[in-house]
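S.K.: Sharing model.cif, mmCIF, C-alpha atoms:
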```cif
data_data
loop_
_atom_site.label_atom_id
_atom_site.label_comp_id
_atom_site.auth_asym_id
_atom_site.auth_seq_id
_atom_site.Cartn_x
_atom_site.Cartn_y
_atom_site.Cartn_z
CA MET M 1 2.69 14.82 -23.05
CA ILE M 2 4.11 18.21 -22.20
CA ILE M 3 1.67 21.08 -21.71
CA GLN M 4 3.27 24.50 -22.11
CA SER M 5 1.90 27.92 -21.32
CA GLU M 6 1.18 30.33 -24.13
CA LYS M 7 3.04 33.09 -22.29
CA ARG M 8 6.78 33.06 -22.97
CA VAL M 9 9.87 34.48 -21.34
CA TYR M 10 13.44 34.71 -22.66
CA ASN M 11 16.17 32.70 -20.97
CA GLU M 12 19.82 33.77 -20.56
CA SER M 13 20.70 32.69 -24.11
CA GLY M 14 17.79 34.66 -25.60
CA LYS M 15 15.61 31.64 -26.38
CA ALA M 16 11.85 31.98 -25.78
CA MET M 17 10.68 29.54 -23.09
CA PRO M 18 7.21 28.86 -21.69
CA ILE M 19 6.61 30.51 -18.34
CA CYS M 20 5.08 27.25 -17.08
CA GLU M 21 5.27 23.65 -18.20
CA PHE M 22 3.65 20.41 -17.01
CA ASP M 23 5.01 17.05 -18.12
CA THR M 24 2.06 14.71 -17.64
CA ASP M 25 4.20 11.58 -18.06
CA LYS M 26 6.75 12.51 -15.41
CA LEU M 27 4.34 14.61 -13.30
CA LEU M 28 6.94 17.38 -13.43
CA VAL M 29 6.01 21.04 -13.10
CA LYS M 30 8.47 23.70 -14.29
CA SER M 31 7.72 27.31 -13.58
CA TYR M 32 9.45 30.64 -14.13
CA ASP M 33 9.40 33.38 -11.52
CA ASN M 34 6.69 31.71 -9.45
CA GLU M 35 7.22 33.14 -5.98
CA LYS M 36 4.30 31.23 -4.49
CA MET M 37 5.76 27.92 -5.69
CA VAL M 38 9.22 28.70 -4.33
CA LYS M 39 7.81 29.92 -1.01
CA THR M 40 5.60 26.82 -0.63
CA LEU M 41 8.48 24.46 -1.35
CA LEU M 42 10.99 26.26 0.85
CA GLU M 43 8.51 26.26 3.74
CA TYR M 44 7.82 22.56 3.27
CA TYR M 45 11.49 21.61 3.05
CA ASP M 46 12.53 24.07 5.80
CA GLY M 47 14.68 26.00 3.35
CA ASP M 48 16.72 22.92 2.38
CA ILE M 49 16.79 23.14 -1.41
CA ASN M 50 18.95 20.03 -1.63
CA GLU M 51 15.86 17.81 -1.33
CA VAL M 52 15.35 15.32 -4.15
CA ASN M 53 12.12 16.77 -5.58
CA LEU M 54 12.98 20.47 -5.45
CA HIS M 55 15.27 22.10 -7.98
CA LEU M 56 15.81 25.85 -8.10
CA HIS M 57 17.67 27.24 -11.09
CA GLY M 58 17.80 31.02 -10.76
CA LYS M 59 14.24 32.11 -11.48
CA TRP M 60 13.29 28.61 -12.68
CA CYS M 61 11.81 26.10 -10.31
CA GLU M 62 10.71 22.53 -10.91
CA TYR M 63 8.99 19.94 -8.79
CA HIS M 64 8.23 16.28 -9.42
CA PHE M 65 5.01 14.91 -7.93
CA PHE M 66 5.35 11.25 -7.01
CA THR M 67 2.19 10.17 -5.20
CA ASP M 68 -0.28 7.71 -6.68
CA GLU M 69 -3.09 10.12 -5.90
CA ILE M 70 -1.70 12.76 -8.26
CA LYS M 71 -0.97 10.16 -10.92
CA TYR M 72 -4.54 8.82 -10.74
CA HIS M 73 -5.98 12.33 -10.73
CA LYS M 74 -3.92 13.29 -13.76
CA ASN M 75 -5.16 10.22 -15.65
CA TYR M 76 -8.76 10.98 -14.73
CA VAL M 77 -8.58 14.65 -15.70
CA MET M 78 -6.80 13.86 -18.98
CA ALA M 79 -9.64 11.47 -19.87
CA HIS M 80 -12.56 13.67 -18.76
CA ASN M 81 -11.44 17.31 -18.91
CA PRO M 82 -8.03 17.68 -20.62
CA ASN M 83 -8.44 21.46 -20.99
CA LYS M 84 -8.29 21.88 -17.22
CA PHE M 85 -4.53 21.32 -17.10
CA THR M 86 -3.96 23.60 -20.09
CA GLU M 87 -5.84 26.39 -18.33
CA LEU M 88 -3.92 25.85 -15.09
CA VAL M 89 -0.60 25.86 -16.94
CA ASN M 90 -1.53 29.06 -18.79
CA GLU M 91 -2.32 30.68 -15.43
CA ASN M 92 0.95 29.32 -13.96
CA ALA M 93 -1.23 27.71 -11.26
CA ILE M 94 -0.71 24.00 -11.97
CA PHE M 95 1.82 23.53 -9.17
CA GLN M 96 -0.38 25.07 -6.49
CA TYR M 97 -3.41 23.12 -7.70
CA LEU M 98 -1.60 19.75 -7.55
CA TRP M 99 0.18 20.61 -4.29
CA ASP M 100 -3.04 21.59 -2.53
CA LEU M 101 -4.84 18.51 -3.86
CA ASP M 102 -2.02 16.21 -2.75
CA TRP M 103 -2.05 17.62 0.78
CA LYS M 104 -5.83 17.61 1.04
CA ILE M 105 -6.01 13.92 0.05
CA PHE M 106 -3.18 13.00 2.44
CA ASN M 107 -4.79 14.85 5.37
CA GLU M 108 -8.25 13.40 4.70
CA ILE M 109 -6.91 9.85 4.59
CA GLN M 110 -4.89 10.31 7.78
CA ALA M 111 -7.83 11.87 9.62
CA GLN M 112 -10.14 9.01 8.63
CA VAL M 113 -7.58 6.37 9.63
CA GLU M 114 -7.03 8.02 13.01
CA HIS M 115 -10.78 8.17 13.61
CA TRP M 116 -11.20 4.49 12.77
CA LYS M 117 -8.17 3.46 14.87
CA GLU M 118 -9.78 5.03 17.93
CA HIS M 119 -12.81 2.78 17.49
CA ALA M 120 -11.21 -0.38 16.07
CA GLU M 121 -11.27 -2.93 18.85
CA ASP M 122 -8.86 -5.30 17.10
CA TYR M 123 -6.37 -2.46 16.66
CA GLN M 124 -6.68 -1.48 20.33
CA VAL M 125 -6.12 -5.10 21.43
CA ALA M 126 -3.06 -5.40 19.20
CA MET M 127 -1.60 -2.20 20.65
CA ARG M 128 -2.30 -3.25 24.25
CA THR M 129 -0.64 -6.63 23.74
CA GLY M 130 2.32 -5.13 21.89
CA ASP M 131 1.55 -6.94 18.64
CA ILE M 132 2.98 -4.24 16.40
CA ILE M 133 2.83 -6.39 13.25
CA THR M 134 -0.92 -6.96 13.60
CA ALA M 135 -1.46 -3.30 14.46
CA ALA M 136 0.45 -2.26 11.33
CA LYS M 137 -1.59 -4.65 9.19
CA ILE M 138 -4.84 -3.26 10.59
CA GLU M 139 -3.66 0.30 10.08
CA LYS M 140 -2.76 -0.47 6.45
CA MET M 141 -6.20 -2.04 5.93
CA LEU M 142 -7.83 1.07 7.39
CA GLU M 143 -5.76 3.27 5.08
CA LEU M 144 -6.90 1.28 2.03
CA GLN M 145 -10.52 1.52 3.19
CA ALA M 146 -10.15 5.27 3.66
CA LYS M 147 -8.82 5.56 0.09
CA GLU M 148 -11.91 3.73 -1.18
CA ILE M 149 -14.04 6.49 0.32
CA ILE M 150 -11.85 9.52 -0.35
CA TYR M 151 -10.64 8.81 -3.90
CA PRO M 152 -14.07 9.18 -5.55
CA CYS M 153 -14.55 12.51 -3.78
CA LEU M 154 -11.11 14.05 -4.35
CA VAL M 155 -9.02 12.08 -6.84
CA TYR M 156 -11.60 11.09 -9.43
CA ARG M 157 -13.05 14.47 -10.19
CA ALA M 158 -12.36 16.71 -13.14
#
```
Could you spell out this file's structure in C-alpha cells?
M.R.:
Amino acid sequence: MIIQSEKRVYNESGKAMPICEFDTDKLLVKSYDNEKMVKTLLEYYDGDINEVNLHLHGKWCEYHFFTDEIKYHKNYVMAHNPNKFTELVNENAIFQYLWDLDWKIFNEIQAQVEHWKEHAEDYQVAMRTGDIITAAKIEKMLELQAKEIIYPCLVYRA
C-alpha cells in the first residue's frame, strides 16, 4: 500500500505529485524538499550519495528501510493504528520517525548485549581461550535475548 500526503507539489513536467509518500510494502519513503531527511542521510553516509539506499533526485529524496525491526513495526502499526502513518506522511515526518526508531532499537540492543557480555562467564572463557566461534554463537544468543526484551517496548507499539 502506498500512503501519499494530501499536500501536492508540481514536478518539472507540471504534474501534481505528493510531497511525501510511504510505500508500506517496500518500506520506501519518498520526500520532496525535505532538508532534514537529506541532511540526516548525508551525515550518515559521510556525503557519499552513491550508497545503495540513498537516492537524491534534485529536490526529491528517497530511502529504503531494510531492517526487520522497521518491517515488524510497520506491520504492528498497520494492524493497530493505521492512521499513524497517514498523519506522519501528511506532516512529511515519516522518514525521521522511522529513522529515529531504527537507530533507537539498534542502540538499545547493542547496549544490552554489551552489558550481558561483560557478565557472561561462558563468553569470557571463550574469548580468553580464543574460541571465536563459540564467542560469536554466545553473542548471537545474547542479541536474540535482547530483542525479546526490547521489541515489546519499542517495535510492538502503535
S.K.: Would you kindly return, as a list in words, each protein, DNA or RNA residue with an atom no farther than 9 Å from any atom of Lys7 in chain M, considering only C-alpha atoms and excluding same-chain residues fewer than 5 positions away?
M.R.: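 After dropping sequence-adjacent residues, the list is Met17, Pro18, Ile19, Cys20 and Asn90 of chain M.
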S.K.: Tell me, counting only C-alpha atoms, for each residue of range 4-117 of chain M within 9 Å of range 132-147 of chain M, which pair of atoms is nearest and how far apart they are in Å to one decimal, in rows ordered by chain and increasing number, as JSON lines.
M.R.:
```
{"residue": "M:Ile105", "atom": "CA", "partner": "M:Lys147", "partner_atom": "CA", "distance": 8.8}
{"residue": "M:Glu108", "atom": "CA", "partner": "M:Ala146", "partner_atom": "CA", "distance": 8.4}
{"residue": "M:Ile109", "atom": "CA", "partner": "M:Ala146", "partner_atom": "CA", "distance": 5.7}
{"residue": "M:Gln110", "atom": "CA", "partner": "M:Glu143", "partner_atom": "CA", "distance": 7.6}
{"residue": "M:Gln112", "atom": "CA", "partner": "M:Ala146", "partner_atom": "CA", "distance": 6.2}
{"residue": "M:Val113", "atom": "CA", "partner": "M:Leu142", "partner_atom": "CA", "distance": 5.8}
{"residue": "M:Glu114", "atom": "CA", "partner": "M:Glu139", "partner_atom": "CA", "distance": 8.9}
{"residue": "M:Trp116", "atom": "CA", "partner": "M:Leu142", "partner_atom": "CA", "distance": 7.2}
{"residue": "M:Lys117", "atom": "CA", "partner": "M:Glu139", "partner_atom": "CA", "distance": 7.3}
```
S.K.: From the list M:Tyr156, M:Tyr123, M:Tyr72, M:Tyr97, which residue is nearest Asp25 in chain M when using all atoms listed in the file?
M.R.: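 Smallest separation from Asp25 in chain M among the options: M:Tyr72.
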S.K.: Ranking M:Met78, M:Thr40, M:Val155, M:Ile150 by minimum distance to Ala111 in chain M and counting only C-alpha atoms, which one comes first?
M.R.: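 Distance minimum relative to Ala111 in chain M lands on M:Ile150.
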S.K.: Which residues are near Asn75 in chain M? Cut-off 12 Å, only C-alpha atoms, ignore same chain within fewer than 5 positions. Put them as a list in words.
M.R.: Met1, Thr24, Asp25, Leu27, Asp68, Glu69, Ile70, His80, Asn81, Pro82, Phe85, Val155, Tyr156, Arg157 and Ala158 of chain M
S.K.: Can you spell out as a PyMOL selection string the set of residues that the PyMOL selection byres ((chain M and resi 65) around 7) selects in the structure I just provided?
M.R.: chain M and resi 27-28+63-64+66-67
S.K.: Can I get the selection written as a compact mmCIF listing (two decimals), in the coordinates of the input, with C-alpha atoms?
M.R.:
```txt
# COMPACT_ATOMS: atom_id res chain seq x y z
CA LEU M 27 4.34 14.61 -13.30
CA LEU M 28 6.94 17.38 -13.43
CA TYR M 63 8.99 19.94 -8.79
CA HIS M 64 8.23 16.28 -9.42
CA PHE M 66 5.35 11.25 -7.01
CA THR M 67 2.19 10.17 -5.20
```
S.K.: Do you know which residues lie at most 12 Å from (19.5, 32.3, -19.9), with coordinates as in the file and all atoms listed in the file counted, and could you write them as a list in words?
M.R.: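 Those within range, by chain then number, are Val9, Tyr10, Asn11, Glu12, Ser13, Gly14, Lys15, Ala16, Met17, Tyr32, His57, Gly58, Lys59 and Trp60 of chain M.
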S.K.: Rounded to one decimal in Å, what is the spacing between CA of Asp33 in chain M and CA of Cys61 in chain M?
M.R.: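 Taking CA of Asp33 in chain M as the start and CA of Cys61 in chain M as the end point, the length is 7.8 Å.
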S.K.: How many Å lie between CA of Leu88 in chain M and CA of Val38 in chain M, rounded to one decimal?
M.R.: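 Spanning CA of Leu88 in chain M to CA of Val38 in chain M is a straight-line distance of 17.2 Å.
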S.K.: Quick one: pull the distance between CA of Ile3 in chain M and CA of Ala93 in chain M, Å, one decimal.
M.R.: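 Computed distance, CA of Ile3 in chain M to CA of Ala93 in chain M, equals 12.7 Å.
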